[in-house]
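Undergrad: The structure follows.
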Amino acid sequence: MTSSPVPTRQTSGQPPTSAAAGTRLDPWFGSYAERTHGMRASEIRALFAVANRPEVVSLAGGMPFLQGLPLDTLAELAQQVVATRGLTALQYGSGQGDETLREQVLEVMRLEGIEAHPDDVVVTTGSQQALDLVTRVFIDPGDVVVAEAPSYVGALGVFRAYQAEVVHVPLDEDGLVPELLEETLTRLEAAGRRVKFLYLVPNFHNPAGVSISLERRPRILEIARRHHVLVLEDNPYGLLSFDGDVLPALRSWDDEGVIYLGSFSKTFAPGYRVGWAVAPHAVREKLVLASESAILCPSNASQLAISTYLANHDWKGQIKVYREQYRERRDATISALAEYLPDASWTVPTGGFYTWVKLPEGLDARDMLPRAVTARVAYVPGTAFYFDGQGADHMRLSYCFPTPERIREGVRRLAGVVSGEAELVELFGTSRGPADDEVQAPAPDVS
Amino acid sequence: MPLAPSPRVAVLAGGLSHERDVSLRSGRRVAEALRSAGVEVSVHDVDQRLLPTLASIGPDLVWPLLHGAGGEDGSIRDVLALAGHRVLGTGPRASRVAWSKPIAKTAVSRAGLATPEFVTLPQSLFRELGAGQVLDAIAGRLGLPVVVKPSQGGSALGVTLVDDATGLPHAMVDCFSYAGTALVERAVQGTEIAVSVVDTGDGPVALPAVEIVTDGPYDYDARYNPGRTEYFTPARLDEDLAARVGAAAVLAHRELGLRRLSRTDLVVDEDGTVWFLEVNVAPGMTETSLLPQAAEAAGHQLSDLYAALVRAELAAGVPADDGHA
């Protein structure tokens, strides 16, 4: 390595005209915002480039299994939208979202006990955009967001982008632990830290696969209320319960202290990019303004397509189809884990897409990933789901996309990877410390 | 200038290696450049459709831009030659030698190039002899700092600079996650230099050396995230040193029997000694890669240079190394 000092960021990115001038291959290097300089090209993300190849069993991505969708019917519905309402579908629309769709969203949310008014709903480009809007509206650099440990990688990315600090609170098989939440909020308060909101994925948690129990839900809300902390309830998976039991949403208890985020990505199809937020009225006004400045309005074509689907198709029947498909995959995953990885432990989800696997003592899921890619299996290392580098002893397995046979094969390969890595770690008696790198997860189109 | 008649080149990119992503980007860049030079280009991943597809389109030339195993170890070149295709670049036998860092180091040191002292250690050796004792022996013999890297592979994957003996075990674990054999070499402090060599028909010529300055190790992020690394092309070396690093790269290229293009990574220490680290038969061709930077600094249009490599390969006879002795 050279001992020459690295010149300042003001260095030109243009090709040099003499040996005295270097280049950073980016003429705008000196222009980026401070927060942009933290972004890293991750070698872990590069490893995921292999995951979409058919030879690889990818247990990494969270792509829904869409093969069960009635494409012929959907094609007819899409044609109907363009033929009968084409000039609306292809035009700009309301910043808050299509009114009919907002009414239909109420019907969807009623399944989880939510009573609201269409005016409370803001349609967004996937619930990911709602996450971005809420964070934009509430977070100044250095503000604290409290989140479960582990937490959804896509939310952590948004919080990081707005320079929030995330403080994790552990969860167990019944979800977020209220006592630890109380303790954390009290500690942060005593330290004079400003906690802006509590971010939760209450159902079939990504990545942990657990749900917050019915008993804990009102307790968590009470603690948040007492500490004057807004709750951000992110619920893409709530209707994908394998036994059909749907727990009431946190929002069903509290319409002033909760912002609820919903999505059609898992219950219908992510390609339309339609999600929504339900927020207290003053917050909702700000979300609409923020959304208009970001995107003007959500896609009318997507909204009308979904609205037509909800009005003309047995969408609840489709959710049942999904539940059955995912239950079968969950079963395959759990039985393969029991057979091939008896030294690991894992959560047994009762819905959703993920199981959270704890590796045998001393193993590091990041270190192991290249070996896994060589063995043609992929997963997401647990560190992706923490803000502070924890989680190397865990990995997230997504069972949503591969067939049950492929899942079994994937877990079998994983077992070989784990035993190879265990041998190494035993040999060298070592494991790495906390991660110091950027959140690392596959791009959304990794299956 | 467009070639007439326009040759048909099949660019191979992707594959199943750890460097798939880099390879896809290299492939796209080269394909784009060739197209703008009037070459008819198709881009293919390495999968079960590859051989039938190539058989049906019958390209004049195949240009593998595959990084990592398969792409650089000569095996895909072997298969392509078996299927009767003309392939741009180093033949399978020489690829195998260059791909193995310890073998390449030994070969070039016999030809008179300095290369940092090293040991090659398969994982099984640690099992047999006990890891602690082997690691102690390494630190004792080579001193610290050392660089631990997979004996094969690129993009700095699995590479760690170790300046404290307590970091050695983890560096080994990291390395063995990528490959079964580790190369541990004495870390030479100095200026990091990469010299690309191209041969458009008149013999191998060194392009201007690129000097690499980073705020830490020249790791994956420093390579592919523009901004973290500053490049000086030509390198800030005096005339004599600049000539010596160029000559070293050409010597490595010739000595190892490489063809058409290569990139040699070197370090120049404060005494002016030029140290050979490794050579690449399929150098990266991405936006941030070193060969394209060197070529542009030398005044080449990339499209013209790549087209000239294609033309030179087509004009040359089938090289002996493409046989299967």
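Every chain in the structure tokens has a letter given in the order shown (A, B, ...), and although residue numbers restart at 1 in each chain, ligands are simply numbered from 1 in the order shown.
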Give me the residues within 9 Å of B:Arg86 as a list of chain:residue names, counting only C-alpha atoms and dropping any in the same chain fewer than 5 places off.
TA: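 Residues near the query, excluding close chain neighbours: B:Pro59, B:Asp60, B:Leu61, B:Val62, B:Trp63, B:Leu80, B:Ala81, B:Glu313, B:Leu314, B:Val318, B:Asp322.
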Undergrad: Dump C-alpha atoms for the selected residues as a PDB file, in the first residue's frame?
TA:
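Full text of part.pdb as output:
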```pdb
ATOM      1  CA  PRO B  59     -19.016 -16.151 -33.884  1.00  0.00           C
ATOM      2  CA  ASP B  60     -15.685 -15.286 -35.460  1.00  0.00           C
ATOM      3  CA  LEU B  61     -14.223 -14.840 -32.015  1.00  0.00           C
ATOM      4  CA  VAL B  62     -15.152 -15.411 -28.385  1.00  0.00           C
ATOM      5  CA  TRP B  63     -13.934 -12.880 -25.832  1.00  0.00           C
ATOM      6  CA  LEU B  80     -14.383 -23.260 -26.048  1.00  0.00           C
ATOM      7  CA  ALA B  81     -11.357 -24.465 -27.965  1.00  0.00           C
ATOM      8  CA  GLU B 313      -6.535 -12.122 -32.715  1.00  0.00           C
ATOM      9  CA  LEU B 314      -8.364 -12.911 -35.957  1.00  0.00           C
ATOM     10  CA  VAL B 318      -4.412 -20.510 -33.869  1.00  0.00           C
ATOM     11  CA  ASP B 322      -5.074 -23.592 -27.547  1.00  0.00           C
TER      12      ASP B 322
END
```
Undergrad: What are the closest atom pairs, with distances in Å to one decimal, for each residue of chain B lying within 7 Å of chain A, using only C-alpha atoms, rows by chain and rising residue number, as CSV?
TA:
```
residue,atom,partner,partner_atom,distance
B:Leu16,CA,A:Val50,CA,6.0
B:His18,CA,A:Leu47,CA,5.7
B:Arg20,CA,A:Ala49,CA,6.3
B:Asp21,CA,A:Ala49,CA,5.5
B:Arg127,CA,A:Leu427,CA,6.6
B:Ala131,CA,A:Phe428,CA,6.0
B:Pro169,CA,A:Phe428,CA,5.4
B:His170,CA,A:Thr430,CA,6.1
B:Val173,CA,A:Leu424,CA,6.3
B:Asp174,CA,A:Asp367,CA,6.0
B:Ser177,CA,A:Arg371,CA,5.0
B:Tyr178,CA,A:Pro370,CA,5.7
B:Gln189,CA,A:Met1,CA,5.7
B:Gly190,CA,A:Thr2,CA,4.8
B:Thr191,CA,A:Thr2,CA,4.1
B:Glu192,CA,A:Met1,CA,5.6
B:Val213,CA,A:Thr2,CA,6.2
B:Thr214,CA,A:Val6,CA,6.5
B:Asp215,CA,A:Val6,CA,6.1
B:Pro217,CA,A:Met1,CA,7.0
B:Tyr220,CA,A:Glu43,CA,6.1
B:Asp221,CA,A:Ala41,CA,4.7
B:Tyr224,CA,A:Ala41,CA,6.4
B:Asn225,CA,A:Ala41,CA,5.4
B:Pro226,CA,A:Leu25,CA,5.9
B:Gly227,CA,A:Arg24,CA,4.9
B:Thr229,CA,A:Arg24,CA,5.9
B:Glu230,CA,A:Arg24,CA,4.6
B:Tyr231,CA,A:Thr23,CA,5.2
B:Phe232,CA,A:Gly22,CA,4.4
B:Thr233,CA,A:Ala19,CA,6.1
B:Pro234,CA,A:Ala19,CA,5.6
B:Ala235,CA,A:Ala19,CA,6.3
B:Arg236,CA,A:Ala19,CA,5.6
B:Thr288,CA,A:Leu25,CA,6.8
```
Undergrad: Write out the residues from the selection above, keeping C-alpha atoms, as a short mmCIF file (atom, residue, chain, number, x, y, z; two decimals), in the first residue's frame.
TA:
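Final output, selection-v6.cif:
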```cif
data_model
loop_
_atom_site.label_atom_id
_atom_site.label_comp_id
_atom_site.auth_asym_id
_atom_site.auth_seq_id
_atom_site.Cartn_x
_atom_site.Cartn_y
_atom_site.Cartn_z
CA LEU B 16 -21.04 -18.40 -11.27
CA HIS B 18 -17.74 -14.67 -6.66
CA ARG B 20 -20.00 -12.40 -11.32
CA ASP B 21 -21.11 -8.83 -10.77
CA ARG B 127 -5.51 -29.40 10.36
CA ALA B 131 -3.10 -23.98 13.40
CA PRO B 169 -6.42 -16.46 12.55
CA HIS B 170 -9.32 -14.40 11.32
CA VAL B 173 -10.79 -17.93 8.11
CA ASP B 174 -11.75 -15.12 5.74
CA SER B 177 -14.07 -19.00 2.91
CA TYR B 178 -13.10 -18.17 -0.67
CA GLN B 189 5.33 -1.03 1.86
CA GLY B 190 5.47 1.25 -1.10
CA THR B 191 3.60 2.60 -4.06
CA GLU B 192 0.92 0.35 -5.52
CA VAL B 213 -3.73 5.70 -3.64
CA THR B 214 -6.42 4.73 -1.15
CA ASP B 215 -7.41 5.75 2.34
CA PRO B 217 -6.61 -1.21 1.78
CA TYR B 220 -13.59 -4.36 -2.95
CA ASP B 221 -15.14 -1.04 -2.00
CA TYR B 224 -15.66 -0.40 -7.30
CA ASN B 225 -17.01 2.60 -5.39
CA PRO B 226 -15.68 5.61 -7.30
CA GLY B 227 -14.18 8.19 -5.02
CA THR B 229 -9.38 5.65 -4.51
CA GLU B 230 -7.30 8.19 -6.32
CA TYR B 231 -5.50 7.06 -9.46
CA PHE B 232 -2.45 8.69 -10.97
CA THR B 233 -1.84 7.82 -14.61
CA PRO B 234 0.94 7.78 -15.49
CA ALA B 235 2.19 6.90 -12.03
CA ARG B 236 4.29 9.50 -10.25
CA THR B 288 -13.30 2.03 -12.47
#
```
Undergrad: I'd like the contact shell of B:Pro92 - 6 Å cut-off, only C-alpha atoms, skipping same-chain residues fewer than 3 positions apart - returned as a PyMOL selection string.
TA: chain B and resi 74+77-78+95
Undergrad: Suppose we keep C-alpha atoms; can you now write the selection as a CSV table (one decimal), in the first residue's frame?
TA:
```csv
chain,number,residue,atom,x,y,z
B,74,GLY,CA,-8.3,-21.8,-18.3
B,77,ARG,CA,-11.1,-21.6,-22.7
B,78,ASP,CA,-10.3,-25.3,-22.9
B,95,SER,CA,-4.1,-19.2,-17.8
```
Undergrad: With a distance cut-off of 12 Å and only C-alpha atoms, select the neighbouring residues of B:Val310, excluding the residue or stretch itself and same-chain residues fewer than 3 positions from it, and output the selection as a PyMOL selection string.
TA: chain B and resi 3+6-11+30-31+33-34+37-41+59-63+86-89+198-201+260-261+303-307+313-316
Undergrad: Can you list, as a list in words, every protein, DNA or RNA residue that comes within 8 Å of A:Gly142 when you count only C-alpha atoms, leaving out same-chain residues fewer than 5 positions away?
TA: Gln163, Ala164 and Glu165 of chain A
Undergrad: For the residues selected in the previous step, produce a file with N, CA, C and O atoms as an mmCIF file, in the first residue's frame.
TA:
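This is the output file again-v5.cif:
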```cif
data_model
loop_
_atom_site.group_PDB
_atom_site.id
_atom_site.type_symbol
_atom_site.label_atom_id
_atom_site.label_comp_id
_atom_site.auth_asym_id
_atom_site.auth_seq_id
_atom_site.Cartn_x
_atom_site.Cartn_y
_atom_site.Cartn_z
ATOM 1 N N GLN A 163 -29.912 9.946 8.525
ATOM 2 C CA GLN A 163 -28.936 10.146 9.603
ATOM 3 C C GLN A 163 -29.545 10.027 11.000
ATOM 4 O O GLN A 163 -29.172 10.737 11.924
ATOM 5 N N ALA A 164 -30.529 9.116 11.112
ATOM 6 C CA ALA A 164 -31.065 8.798 12.431
ATOM 7 C C ALA A 164 -30.099 7.842 13.116
ATOM 8 O O ALA A 164 -29.282 7.192 12.464
ATOM 9 N N GLU A 165 -30.227 7.763 14.423
ATOM 10 C CA GLU A 165 -29.500 6.714 15.135
ATOM 11 C C GLU A 165 -30.541 5.690 15.561
ATOM 12 O O GLU A 165 -31.605 6.058 16.084
#
```
Undergrad: Return the single residue from A:Gln325, A:Thr308, A:Gln128, A:Thr186 that is closest to A:Val82, with distances computed using only C-alpha atoms.
TA: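 Selected residue with least distance to A:Val82: A:Thr308.
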Undergrad: Could you give me the residues within stretch 38-122 of chain B that DSSP places in strand (DSSP E), as a compact mmCIF listing (two decimals) with N, CA and C atoms, in the first residue's frame?
TA:
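Full text of part_6.txt as output:
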```txt
# COMPACT_ATOMS: atom_id res chain seq x y z
N GLU B 40 -19.83 -6.49 -34.56
CA GLU B 40 -21.12 -7.07 -34.21
C GLU B 40 -20.92 -7.91 -32.95
N VAL B 41 -21.60 -7.54 -31.86
CA VAL B 41 -21.32 -8.18 -30.57
C VAL B 41 -22.57 -8.81 -29.99
N SER B 42 -22.43 -10.01 -29.46
CA SER B 42 -23.49 -10.57 -28.63
C SER B 42 -22.88 -10.88 -27.27
N VAL B 43 -23.68 -10.77 -26.22
CA VAL B 43 -23.17 -10.99 -24.86
C VAL B 43 -23.87 -12.22 -24.28
N HIS B 44 -23.09 -13.10 -23.66
CA HIS B 44 -23.66 -14.36 -23.16
C HIS B 44 -23.19 -14.64 -21.75
N LEU B 61 -15.13 -14.88 -33.16
CA LEU B 61 -14.22 -14.84 -32.01
C LEU B 61 -15.04 -14.81 -30.73
N VAL B 62 -14.53 -15.48 -29.70
CA VAL B 62 -15.15 -15.41 -28.39
C VAL B 62 -14.21 -14.64 -27.46
N TRP B 63 -14.75 -13.66 -26.77
CA TRP B 63 -13.93 -12.88 -25.83
C TRP B 63 -14.48 -13.13 -24.43
N PRO B 64 -13.83 -13.98 -23.65
CA PRO B 64 -14.32 -14.23 -22.28
C PRO B 64 -13.90 -13.10 -21.36
N PHE B 118 6.97 -15.64 0.29
CA PHE B 118 5.61 -16.12 0.57
C PHE B 118 5.61 -17.59 0.94
N VAL B 119 4.49 -18.01 1.51
CA VAL B 119 4.23 -19.43 1.70
C VAL B 119 2.82 -19.72 1.19
N THR B 120 2.63 -20.96 0.73
CA THR B 120 1.32 -21.38 0.25
C THR B 120 0.82 -22.46 1.19
N LEU B 121 -0.36 -22.26 1.72
CA LEU B 121 -0.82 -23.15 2.78
C LEU B 121 -2.23 -23.65 2.52
N PRO B 122 -2.38 -24.93 2.22
CA PRO B 122 -3.74 -25.46 2.11
C PRO B 122 -4.36 -25.60 3.50
```
Undergrad: When DSSP works through the backbone of this structure, what residues of stretch 188-389 of chain A end up as alpha helix (DSSP H), shown as a ChimeraX atom specification?
TA: /A:188-190,216-226,281-295,300-312,315-340,365-374
Undergrad: Taking only C-alpha atoms into account, name the residue in B:His253, B:Arg96, B:Arg223, B:Lys101 that is nearest to B:Pro150.
TA: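 Of B:His253, B:Arg96, B:Arg223, B:Lys101, the one nearest B:Pro150 is B:Lys101, counting only C-alpha atoms.
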Undergrad: Pick from B:Val188, B:Ala308, B:Leu135, B:Ala294: nearest to B:Glu270, with only C-alpha atoms counted?
TA: B:Val188
Undergrad: Fewer than 4 positions away in the same chain doesn't count, so skip those; otherwise give me all residues within 6 Å of A:Phe385, counting only C-alpha atoms, as a PyMOL selection string.
TA: chain A and resi 150-153
Undergrad: With N, CA, C and O atoms kept, could you save the residues just selected as an mmCIF file, in the first residue's frame?
TA:
```cif
data_model
loop_
_atom_site.group_PDB
_atom_site.id
_atom_site.type_symbol
_atom_site.label_atom_id
_atom_site.label_comp_id
_atom_site.auth_asym_id
_atom_site.auth_seq_id
_atom_site.Cartn_x
_atom_site.Cartn_y
_atom_site.Cartn_z
ATOM 1 N N PRO A 150 -33.640 -8.134 15.849
ATOM 2 C CA PRO A 150 -33.261 -7.442 14.621
ATOM 3 C C PRO A 150 -34.423 -6.620 14.045
ATOM 4 O O PRO A 150 -35.527 -6.671 14.568
ATOM 5 N N SER A 151 -34.136 -5.906 12.947
ATOM 6 C CA SER A 151 -35.168 -5.087 12.312
ATOM 7 C C SER A 151 -35.041 -5.170 10.783
ATOM 8 O O SER A 151 -33.995 -5.543 10.257
ATOM 9 N N TYR A 152 -36.104 -4.769 10.107
ATOM 10 C CA TYR A 152 -36.163 -4.858 8.634
ATOM 11 C C TYR A 152 -35.043 -4.030 7.996
ATOM 12 O O TYR A 152 -34.912 -2.840 8.245
ATOM 13 N N VAL A 153 -34.266 -4.678 7.153
ATOM 14 C CA VAL A 153 -33.087 -4.039 6.559
ATOM 15 C C VAL A 153 -33.456 -2.804 5.733
ATOM 16 O O VAL A 153 -32.746 -1.796 5.747
#
```
Undergrad: As a ChimeraX atom specification, please: the residues near B:Leu142 (cut-off 8 Å, only C-alpha atoms, same-chain neighbours under 5 positions excluded).
TA: /B:117-118,185-186
Undergrad: Go ahead and write the residues just picked, all heavy atoms, as a PDB file, in the first residue's frame.
TA:
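Listing of result28.pdb after writing:
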```pdb
ATOM      1  N   GLU B 117       8.504 -12.523  -0.459  1.00  0.00           N
ATOM      2  CA  GLU B 117       8.627 -13.881   0.075  1.00  0.00           C
ATOM      3  C   GLU B 117       7.246 -14.373   0.514  1.00  0.00           C
ATOM      4  O   GLU B 117       6.439 -13.601   1.036  1.00  0.00           O
ATOM      5  CB  GLU B 117       9.553 -13.813   1.290  1.00  0.00           C
ATOM      6  CG  GLU B 117      10.058 -15.149   1.731  1.00  0.00           C
ATOM      7  CD  GLU B 117      10.962 -15.018   2.958  1.00  0.00           C
ATOM      8  OE1 GLU B 117      11.272 -13.876   3.365  1.00  0.00           O
ATOM      9  OE2 GLU B 117      11.332 -16.074   3.491  1.00  0.00           O
ATOM     10  N   PHE B 118       6.969 -15.636   0.288  1.00  0.00           N
ATOM     11  CA  PHE B 118       5.610 -16.122   0.568  1.00  0.00           C
ATOM     12  C   PHE B 118       5.607 -17.591   0.941  1.00  0.00           C
ATOM     13  O   PHE B 118       6.584 -18.309   0.710  1.00  0.00           O
ATOM     14  CB  PHE B 118       4.719 -15.917  -0.660  1.00  0.00           C
ATOM     15  CG  PHE B 118       5.061 -16.841  -1.821  1.00  0.00           C
ATOM     16  CD1 PHE B 118       4.303 -17.987  -2.073  1.00  0.00           C
ATOM     17  CD2 PHE B 118       6.140 -16.566  -2.652  1.00  0.00           C
ATOM     18  CE1 PHE B 118       4.613 -18.827  -3.128  1.00  0.00           C
ATOM     19  CE2 PHE B 118       6.458 -17.412  -3.716  1.00  0.00           C
ATOM     20  CZ  PHE B 118       5.693 -18.549  -3.950  1.00  0.00           C
ATOM     21  N   GLU B 185       1.971 -13.655   2.076  1.00  0.00           N
ATOM     22  CA  GLU B 185       3.233 -13.055   1.622  1.00  0.00           C
ATOM     23  C   GLU B 185       3.579 -11.845   2.468  1.00  0.00           C
ATOM     24  O   GLU B 185       2.708 -11.199   3.048  1.00  0.00           O
ATOM     25  CB  GLU B 185       3.184 -12.710   0.128  1.00  0.00           C
ATOM     26  CG  GLU B 185       2.309 -11.550  -0.227  1.00  0.00           C
ATOM     27  CD  GLU B 185       2.237 -11.297  -1.740  1.00  0.00           C
ATOM     28  OE1 GLU B 185       2.900 -11.986  -2.538  1.00  0.00           O
ATOM     29  OE2 GLU B 185       1.481 -10.394  -2.131  1.00  0.00           O
ATOM     30  N   ARG B 186       4.878 -11.586   2.536  1.00  0.00           N
ATOM     31  CA  ARG B 186       5.359 -10.417   3.253  1.00  0.00           C
ATOM     32  C   ARG B 186       4.750  -9.183   2.594  1.00  0.00           C
ATOM     33  O   ARG B 186       4.747  -9.065   1.374  1.00  0.00           O
ATOM     34  CB  ARG B 186       6.893 -10.365   3.170  1.00  0.00           C
ATOM     35  CG  ARG B 186       7.553  -9.339   4.059  1.00  0.00           C
ATOM     36  CD  ARG B 186       9.064  -9.557   4.061  1.00  0.00           C
ATOM     37  NE  ARG B 186       9.654  -9.384   2.723  1.00  0.00           N
ATOM     38  CZ  ARG B 186       9.879  -8.185   2.154  1.00  0.00           C
ATOM     39  NH1 ARG B 186       9.572  -7.074   2.796  1.00  0.00           N
ATOM     40  NH2 ARG B 186      10.419  -8.101   0.946  1.00  0.00           N
TER      41      ARG B 186
END
```
Undergrad: Give the answer as one residue: which of B:Leu266, B:Ala182, B:Ile212, B:Ile138 has the shortest atom-to-atom distance to B:Pro116, using only C-alpha atoms?
TA: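 Among B:Leu266, B:Ala182, B:Ile212, B:Ile138, it is B:Leu266 that comes nearest to B:Pro116.
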Undergrad: In Å, how far is it from atom CA of A:Asp72 to atom CA of A:Tyr322?
TA: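 These atoms are spaced 17.6 Å apart.
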Undergrad: One number please: atom CA of A:Ala155 to atom CA of A:Pro64, in Å, one decimal.
TA: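 Pair atom CA of A:Ala155 / atom CA of A:Pro64 returns 18.6 Å.
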